[in-house]
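*Asks:* Input file: my_file_16.cif. Contents: mmCIF, C-alpha atoms and all ligand atoms.
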```cif
data_final
loop_
_atom_site.group_PDB
_atom_site.id
_atom_site.type_symbol
_atom_site.label_atom_id
_atom_site.label_comp_id
_atom_site.auth_asym_id
_atom_site.auth_seq_id
_atom_site.Cartn_x
_atom_site.Cartn_y
_atom_site.Cartn_z
ATOM 1 C CA MET A 1 37.545 22.630 -40.560
ATOM 2 C CA SER A 2 35.355 24.645 -38.219
ATOM 3 C CA SER A 3 34.765 28.366 -37.814
ATOM 4 C CA PRO A 4 31.744 30.451 -36.787
ATOM 5 C CA VAL A 5 31.425 31.730 -40.344
ATOM 6 C CA LEU A 6 31.535 28.279 -41.953
ATOM 7 C CA GLU A 7 29.097 27.023 -39.342
ATOM 8 C CA ALA A 8 26.636 29.872 -40.023
ATOM 9 C CA ILE A 9 26.904 29.257 -43.779
ATOM 10 C CA GLN A 10 25.979 25.603 -43.367
ATOM 11 C CA LYS A 11 23.442 26.028 -40.574
ATOM 12 C CA ARG A 12 21.484 28.822 -42.250
ATOM 13 C CA ARG A 13 18.141 27.620 -43.545
ATOM 14 C CA SER A 14 15.233 29.457 -45.119
ATOM 15 C CA ILE A 15 12.844 30.051 -42.225
ATOM 16 C CA ARG A 16 9.213 30.559 -43.199
ATOM 17 C CA GLU A 17 7.417 30.238 -39.844
ATOM 18 C CA TYR A 18 7.828 32.688 -37.000
ATOM 19 C CA THR A 19 6.644 33.370 -33.479
ATOM 20 C CA ASP A 20 4.523 36.485 -32.841
ATOM 21 C CA HIS A 21 7.485 38.116 -31.134
ATOM 22 C CA PRO A 22 8.436 41.397 -32.883
ATOM 23 C CA VAL A 23 11.981 41.883 -34.181
ATOM 24 C CA GLU A 24 13.742 44.753 -32.444
ATOM 25 C CA SER A 25 14.626 47.713 -34.648
ATOM 26 C CA ASP A 26 18.314 47.501 -33.573
ATOM 27 C CA LEU A 27 18.506 43.939 -34.881
ATOM 28 C CA LEU A 28 17.010 44.942 -38.229
ATOM 29 C CA ARG A 29 19.645 47.647 -38.508
ATOM 30 C CA GLU A 30 22.344 45.116 -37.617
ATOM 31 C CA ILE A 31 21.110 42.893 -40.459
ATOM 32 C CA ILE A 32 21.252 45.803 -42.893
ATOM 33 C CA ARG A 33 24.732 46.749 -41.636
ATOM 34 C CA ALA A 34 25.905 43.205 -42.433
ATOM 35 C CA GLY A 35 24.419 43.600 -45.921
ATOM 36 C CA THR A 36 26.331 46.804 -46.502
ATOM 37 C CA TRP A 37 29.630 45.074 -45.697
ATOM 38 C CA ALA A 38 29.225 42.909 -48.786
ATOM 39 C CA PRO A 39 31.673 43.529 -51.615
ATOM 40 C CA SER A 40 30.546 45.619 -54.595
ATOM 41 C CA GLY A 41 32.244 46.576 -57.855
ATOM 42 C CA LEU A 42 34.278 49.768 -57.370
ATOM 43 C CA ASN A 43 32.822 49.691 -53.845
ATOM 44 C CA ASN A 44 29.824 51.574 -55.276
ATOM 45 C CA GLN A 45 27.424 50.086 -52.677
ATOM 46 C CA PRO A 46 24.340 50.272 -54.933
ATOM 47 C CA TRP A 47 21.964 48.679 -52.386
ATOM 48 C CA ARG A 48 19.144 50.493 -50.640
ATOM 49 C CA PHE A 49 16.717 49.141 -48.055
ATOM 50 C CA VAL A 50 13.175 49.622 -46.793
ATOM 51 C CA ILE A 51 12.279 48.303 -43.331
ATOM 52 C CA ILE A 52 8.626 47.288 -42.995
ATOM 53 C CA THR A 53 7.012 46.317 -39.714
ATOM 54 C CA ASP A 54 3.648 48.066 -40.161
ATOM 55 C CA GLN A 55 0.987 45.350 -40.286
ATOM 56 C CA GLN A 56 -1.233 47.037 -42.849
ATOM 57 C CA THR A 57 1.694 47.502 -45.242
ATOM 58 C CA ARG A 58 2.795 43.885 -44.746
ATOM 59 C CA HIS A 59 -0.691 42.723 -45.625
ATOM 60 C CA ARG A 60 -0.747 44.853 -48.762
ATOM 61 C CA LEU A 61 2.628 43.417 -49.803
ATOM 62 C CA ALA A 62 1.390 39.898 -49.055
ATOM 63 C CA ALA A 63 -1.158 40.279 -51.858
ATOM 64 C CA GLN A 64 1.712 40.709 -54.354
ATOM 65 C CA THR A 65 3.173 37.199 -54.052
ATOM 66 C CA HIS A 66 2.164 33.540 -53.971
ATOM 67 C CA TYR A 67 4.089 33.485 -50.689
ATOM 68 C CA GLY A 68 1.749 35.972 -49.035
ATOM 69 C CA HIS A 69 1.245 33.692 -46.043
ATOM 70 C CA ILE A 70 4.973 34.066 -45.241
ATOM 71 C CA VAL A 71 4.855 37.839 -45.698
ATOM 72 C CA LYS A 72 1.843 38.072 -43.382
ATOM 73 C CA ALA A 73 3.399 35.812 -40.753
ATOM 74 C CA ALA A 74 6.747 37.613 -40.621
ATOM 75 C CA PRO A 75 6.836 40.443 -38.067
ATOM 76 C CA ALA A 76 9.437 42.272 -40.160
ATOM 77 C CA LEU A 77 10.343 42.615 -43.809
ATOM 78 C CA ILE A 78 13.326 44.221 -45.438
ATOM 79 C CA ALA A 79 12.970 45.108 -49.107
ATOM 80 C CA VAL A 80 16.354 45.228 -50.851
ATOM 81 C CA TYR A 81 16.746 47.574 -53.798
ATOM 82 C CA LEU A 82 19.325 48.601 -56.346
ATOM 83 C CA ASP A 83 19.509 52.348 -56.838
ATOM 84 C CA GLN A 84 19.570 52.765 -60.621
ATOM 85 C CA ALA A 85 21.399 56.050 -60.188
ATOM 86 C CA ALA A 86 24.251 54.233 -58.417
ATOM 87 C CA ILE A 87 24.607 51.444 -60.989
ATOM 88 C CA TYR A 88 27.797 51.220 -63.082
ATOM 89 C CA ASN A 89 27.474 47.717 -64.543
ATOM 90 C CA GLU A 90 24.209 45.800 -64.770
ATOM 91 C CA VAL A 91 25.662 42.333 -64.102
ATOM 92 C CA LYS A 92 28.152 43.347 -61.420
ATOM 93 C CA ASP A 93 25.644 45.441 -59.506
ATOM 94 C CA HIS A 94 23.166 42.559 -59.461
ATOM 95 C CA GLN A 95 25.923 40.270 -58.217
ATOM 96 C CA ALA A 96 26.653 42.783 -55.455
ATOM 97 C CA ALA A 97 22.974 42.749 -54.472
ATOM 98 C CA GLY A 98 23.129 38.950 -54.161
ATOM 99 C CA ALA A 99 26.221 39.170 -51.961
ATOM 100 C CA CYS A 100 24.472 41.789 -49.828
ATOM 101 C CA ILE A 101 21.366 39.629 -49.404
ATOM 102 C CA GLU A 102 23.388 36.543 -48.455
ATOM 103 C CA ASN A 103 25.280 38.602 -45.843
ATOM 104 C CA MET A 104 21.908 39.668 -44.445
ATOM 105 C CA LEU A 105 20.701 36.056 -44.253
ATOM 106 C CA LEU A 106 23.882 35.015 -42.455
ATOM 107 C CA ALA A 107 23.434 37.905 -40.026
ATOM 108 C CA THR A 108 19.904 36.748 -39.168
ATOM 109 C CA GLU A 109 21.336 33.301 -38.430
ATOM 110 C CA ALA A 110 24.073 34.802 -36.247
ATOM 111 C CA LEU A 111 21.485 36.873 -34.342
ATOM 112 C CA GLY A 112 19.290 33.837 -33.632
ATOM 113 C CA LEU A 113 16.599 35.052 -36.027
ATOM 114 C CA GLY A 114 15.158 33.330 -39.076
ATOM 115 C CA ALA A 115 14.645 34.677 -42.576
ATOM 116 C CA VAL A 116 13.770 33.732 -46.102
ATOM 117 C CA TRP A 117 14.766 35.391 -49.370
ATOM 118 C CA LEU A 118 11.554 36.087 -51.318
ATOM 119 C CA GLY A 119 12.051 36.462 -55.047
ATOM 120 C CA GLN A 120 8.683 35.493 -56.447
ATOM 121 C CA ILE A 121 7.328 38.899 -55.392
ATOM 122 C CA LEU A 122 9.554 40.470 -58.090
ATOM 123 C CA GLN A 123 6.798 39.658 -60.576
ATOM 124 C CA ASN A 124 4.934 42.607 -59.030
ATOM 125 C CA LYS A 125 7.858 44.954 -58.397
ATOM 126 C CA GLN A 126 5.956 47.978 -59.731
ATOM 127 C CA GLU A 127 3.079 47.374 -57.301
ATOM 128 C CA VAL A 128 5.570 46.891 -54.451
ATOM 129 C CA ASN A 129 7.184 50.247 -55.268
ATOM 130 C CA ASP A 130 3.745 51.875 -55.310
ATOM 131 C CA ILE A 131 2.856 50.404 -51.910
ATOM 132 C CA LEU A 132 6.185 51.555 -50.449
ATOM 133 C CA GLY A 133 5.948 54.973 -52.124
ATOM 134 C CA LEU A 134 9.206 54.570 -54.057
ATOM 135 C CA ALA A 135 10.087 56.016 -57.460
ATOM 136 C CA ASP A 136 11.065 53.807 -60.419
ATOM 137 C CA ASP A 137 14.751 54.643 -59.808
ATOM 138 C CA TYR A 138 14.691 51.867 -57.230
ATOM 139 C CA ASP A 139 14.757 48.338 -58.633
ATOM 140 C CA LEU A 140 13.498 45.660 -56.252
ATOM 141 C CA MET A 141 15.951 42.755 -55.800
ATOM 142 C CA ALA A 142 14.256 40.784 -53.016
ATOM 143 C CA VAL A 143 12.132 40.982 -49.920
ATOM 144 C CA LEU A 144 13.483 39.303 -46.805
ATOM 145 C CA ALA A 145 10.860 38.002 -44.377
ATOM 146 C CA ILE A 146 12.358 38.005 -40.883
ATOM 147 C CA GLY A 147 11.223 36.821 -37.479
ATOM 148 C CA HIS A 148 12.000 34.659 -34.511
ATOM 149 C CA PRO A 149 11.941 31.051 -35.783
ATOM 150 C CA ALA A 150 8.877 29.061 -34.714
ATOM 151 C CA HIS A 151 11.007 25.895 -34.876
ATOM 152 C CA HIS A 152 14.428 24.689 -35.952
ATOM 153 C CA ASP A 153 13.570 21.561 -37.913
ATOM 154 C CA GLN A 154 14.131 22.994 -41.374
ATOM 155 C CA HIS A 155 16.165 20.763 -43.686
ATOM 156 C CA SER A 156 17.744 21.306 -47.058
ATOM 157 C CA GLN A 157 20.048 19.475 -49.397
ATOM 158 C CA ARG A 158 22.908 20.291 -51.700
ATOM 159 C CA LYS A 159 24.301 18.503 -54.716
ATOM 160 C CA PRO A 160 27.543 16.702 -53.985
ATOM 161 C CA LEU A 161 30.705 18.603 -54.936
ATOM 162 C CA ALA A 162 31.440 15.984 -57.566
ATOM 163 C CA ASP A 163 28.337 17.180 -59.449
ATOM 164 C CA VAL A 164 29.266 20.849 -59.444
ATOM 165 C CA ILE A 165 33.050 20.929 -59.884
ATOM 166 C CA LEU A 166 33.513 20.769 -63.635
ATOM 167 C CA LYS A 167 37.276 20.312 -63.674
ATOM 168 C CA GLU A 168 40.351 20.406 -61.527
ATOM 169 C CA ILE A 169 43.280 21.146 -63.762
HETATM 170 C C1 LIG A 201 16.733 34.289 -55.826
HETATM 171 C C2 LIG A 201 15.963 33.520 -54.798
HETATM 172 C C3 LIG A 201 14.583 33.620 -54.768
HETATM 173 C C4 LIG A 201 13.841 32.924 -53.799
HETATM 174 N N1 LIG A 201 12.488 33.114 -53.761
HETATM 175 C C5 LIG A 201 11.757 32.466 -52.818
HETATM 176 C C6 LIG A 201 10.366 32.722 -52.712
HETATM 177 O O1 LIG A 201 9.786 33.530 -53.425
HETATM 178 N N2 LIG A 201 9.664 32.037 -51.771
HETATM 179 C C7 LIG A 201 10.276 31.149 -50.903
HETATM 180 O O2 LIG A 201 9.583 30.570 -50.053
HETATM 181 N N3 LIG A 201 11.613 30.917 -50.969
HETATM 182 C C8 LIG A 201 12.367 31.560 -51.900
HETATM 183 N N4 LIG A 201 13.731 31.369 -51.946
HETATM 184 C C9 LIG A 201 14.388 30.456 -50.988
HETATM 185 C C10 LIG A 201 14.779 29.121 -51.633
HETATM 186 O O3 LIG A 201 13.625 28.352 -51.877
HETATM 187 C C11 LIG A 201 15.769 28.385 -50.692
HETATM 188 O O4 LIG A 201 16.927 29.173 -50.507
HETATM 189 C C12 LIG A 201 16.183 27.020 -51.266
HETATM 190 O O5 LIG A 201 15.080 26.155 -51.331
HETATM 191 C C13 LIG A 201 17.270 26.340 -50.417
HETATM 192 O O6 LIG A 201 16.845 26.201 -49.056
HETATM 193 P P1 LIG A 201 17.710 26.820 -47.860
HETATM 194 O O7 LIG A 201 17.754 28.311 -48.049
HETATM 195 O O8 LIG A 201 16.990 26.443 -46.586
HETATM 196 O O9 LIG A 201 19.085 26.211 -47.910
HETATM 197 C C14 LIG A 201 14.500 32.064 -52.878
HETATM 198 C C15 LIG A 201 15.902 31.993 -52.904
HETATM 199 C C16 LIG A 201 16.619 32.716 -53.838
HETATM 200 C C17 LIG A 201 18.143 32.668 -53.800
#
```
Take the structure I supplied and represent it as C-alpha cells, if you would.
Ligand SMILES: Cc1cc2nc3c(=O)[nH]c(=O)nc-3n(C[C@H](O)[C@H](O)[C@H](O)COP(=O)(O)O)c2cc1C
*Replies:*
Amino acid sequence: MSSPVLEAIQKRRSIREYTDHPVESDLLREIIRAGTWAPSGLNNQPWRFVIITDQQTRHRLAAQTHYGHIVKAAPALIAVYLDQAAIYNEVKDHQAAGACIENMLLATEALGLGAVWLGQILQNKQEVNDILGLADDYDLMAVLAIGHPAHHDQHSQRKPLADVILKEI
C-alpha cells in the first residue's frame, strides 16, 4: 500500500541537526495550521503555540534542557501549549495535544524541513513560561525544534507488529 500520508508517516525521523538557513515564517504557520487540524475532544482545540526565532530567546531556552545543543542549533522553535481555560478532560486534552504535535511533525516532513519533539524541557516548564512571558494558565506540552535538515541519514527502528498486537479476536 502506498500513499503520500503513509510515506510521510514512515519517512519522518527526528531531525536534530540543521543548516544555518532560517525557516520562513509562512512555513512555520503552515506547520501550526497542520497541528490545528488534529482531532480534539468536542473539537475544543485546546492547543496554543509560541513561535520563537529570536536567537537570544532560543539561547535562554537552551539552558532549560539537556538537549540545549539542539535548541541552540535550530533556527526556529515552536512551543506547544494546552490552554487550561480550554480544557474539558485532562486525559483527552493531552491526547489531543499529542495528535496536534504529530500532525506538526508530519507537516515538517511534507515541507522538506526537519524537526524533533523535545519533551525533556518539560522539567523546567515554569522557567520556560517565564522566559516566554506566559501566565500559568498555559501548560507546556512540548517544544519542537525545526530547521532545514543538515543531512538525511537518520535511522530509527520499530518493534515488529507481532510484539505490539496483543490479540486478534
Ligand atoms: C514525548 C516525547 C518526548 C521526546 N523528547 C525528546 C527530547 O527531549 N530530546 C530528543 O532529542 N528527542 C526527544 N523525543 C524524540 C524521540 O527520541 C524519538 O521520537 C524516538 O527516538 C524515535 O525516533 P524517530 O522520531 O526518529 O522515529 C521525544 C519524543 C516524544 C514522543
*Asks:* Write out as a ChimeraX atom specification the residues lying within 12 Å of Arg158 of chain A, counting all atoms listed in the file and excluding same-chain residues fewer than 5 positions away.
*Replies:* /A:10,13,163-164
*Asks:* Go through A:Arg58, A:Ser3, A:Ala96, A:Glu17 and flag the residue nearest Asp153 of chain A, using only C-alpha atoms for the distances.
*Replies:*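 Residue with the minimum atom-to-atom distance to Asp153 of chain A: A:Glu17.
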*Asks:* Find the axis-aligned box for ligand LIG 201 (chain A), covering all its listed atoms and adding 3 Å on each side, and write its centre and edge lengths in Å to one decimal as AutoDock Vina command-line options.
*Replies:*
```
--center_x 14.3 --center_y 30.2 --center_z -51.2 --size_x 15.5 --size_y 14.1 --size_z 15.2
```
*Asks:* Translate the PyMOL selection byres (((chain A and resi 99) around 10) and not hetatm) into a concrete residue list for this structure, as a ChimeraX atom specification.
*Replies:* /A:35-40,93-98,100-105
*Asks:* Could you write out that same residue set with C-alpha atoms as a PDB file, in the frame of the given file?
*Replies:*
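Once everything was written out, this is part.pdb:
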```
ATOM      1  CA  GLY A  35      24.419  43.600 -45.921  1.00  0.00           C
ATOM      2  CA  THR A  36      26.331  46.804 -46.502  1.00  0.00           C
ATOM      3  CA  TRP A  37      29.630  45.074 -45.697  1.00  0.00           C
ATOM      4  CA  ALA A  38      29.225  42.909 -48.786  1.00  0.00           C
ATOM      5  CA  PRO A  39      31.673  43.529 -51.615  1.00  0.00           C
ATOM      6  CA  SER A  40      30.546  45.619 -54.595  1.00  0.00           C
ATOM      7  CA  ASP A  93      25.644  45.441 -59.506  1.00  0.00           C
ATOM      8  CA  HIS A  94      23.166  42.559 -59.461  1.00  0.00           C
ATOM      9  CA  GLN A  95      25.923  40.270 -58.217  1.00  0.00           C
ATOM     10  CA  ALA A  96      26.653  42.783 -55.455  1.00  0.00           C
ATOM     11  CA  ALA A  97      22.974  42.749 -54.472  1.00  0.00           C
ATOM     12  CA  GLY A  98      23.129  38.950 -54.161  1.00  0.00           C
ATOM     13  CA  CYS A 100      24.472  41.789 -49.828  1.00  0.00           C
ATOM     14  CA  ILE A 101      21.366  39.629 -49.404  1.00  0.00           C
ATOM     15  CA  GLU A 102      23.388  36.543 -48.455  1.00  0.00           C
ATOM     16  CA  ASN A 103      25.280  38.602 -45.843  1.00  0.00           C
ATOM     17  CA  MET A 104      21.908  39.668 -44.445  1.00  0.00           C
ATOM     18  CA  LEU A 105      20.701  36.056 -44.253  1.00  0.00           C
TER      19      LEU A 105
END
```
*Asks:* Could you list, as an NGL selection string, all the residues within 12 Å of ligand LIG 201 (chain A), counting all atoms listed in the file?
*Replies:* :A and (8-17 or 62 or 64-71 or 94-95 or 97-102 or 105-106 or 109 or 114-124 or 140-145 or 152-159)
*Asks:* Which residue gives the smallest distance to Leu134 of chain A among A:Asp54, A:Val23, A:Asp83, A:Pro149, with only C-alpha atoms counted?
*Replies:*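 Looking at the shortest contact to Leu134 of chain A, the residue is A:Asp83.
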*Asks:* Using all atoms listed in the file, pick whichever of A:Pro46, A:Gly112, A:Gly41, A:Pro4 has the shortest atom-to-atom distance to Ala150 of chain A.
*Replies:*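 Using all atoms listed in the file, Ala150 of chain A sits closest to A:Gly112.
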*Asks:* Determine the residue set returned by the PyMOL selection byres (((chain A and resi 51) around 10) and not hetatm) for the present structure, and present it as a ChimeraX atom specification.
*Replies:* /A:25,28-29,32,49-50,52-54,76-80,132,143-144
*Asks:* Could those selected residues go to a file with C-alpha atoms, as a compact mmCIF listing (two decimals), keeping the file's coordinate frame?
*Replies:*
```
# COMPACT_ATOMS: atom_id res chain seq x y z
CA SER A 25 14.63 47.71 -34.65
CA LEU A 28 17.01 44.94 -38.23
CA ARG A 29 19.64 47.65 -38.51
CA ILE A 32 21.25 45.80 -42.89
CA PHE A 49 16.72 49.14 -48.06
CA VAL A 50 13.18 49.62 -46.79
CA ILE A 52 8.63 47.29 -43.00
CA THR A 53 7.01 46.32 -39.71
CA ASP A 54 3.65 48.07 -40.16
CA ALA A 76 9.44 42.27 -40.16
CA LEU A 77 10.34 42.62 -43.81
CA ILE A 78 13.33 44.22 -45.44
CA ALA A 79 12.97 45.11 -49.11
CA VAL A 80 16.35 45.23 -50.85
CA LEU A 132 6.18 51.56 -50.45
CA VAL A 143 12.13 40.98 -49.92
CA LEU A 144 13.48 39.30 -46.80
```
*Asks:* Between atom CA of Gly147 of chain A and atom CA of Pro75 of chain A, what distance in Å does the model show, to one decimal?
*Replies:*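 Atom-to-atom, atom CA of Gly147 of chain A and atom CA of Pro75 of chain A are spaced 5.7 Å apart.
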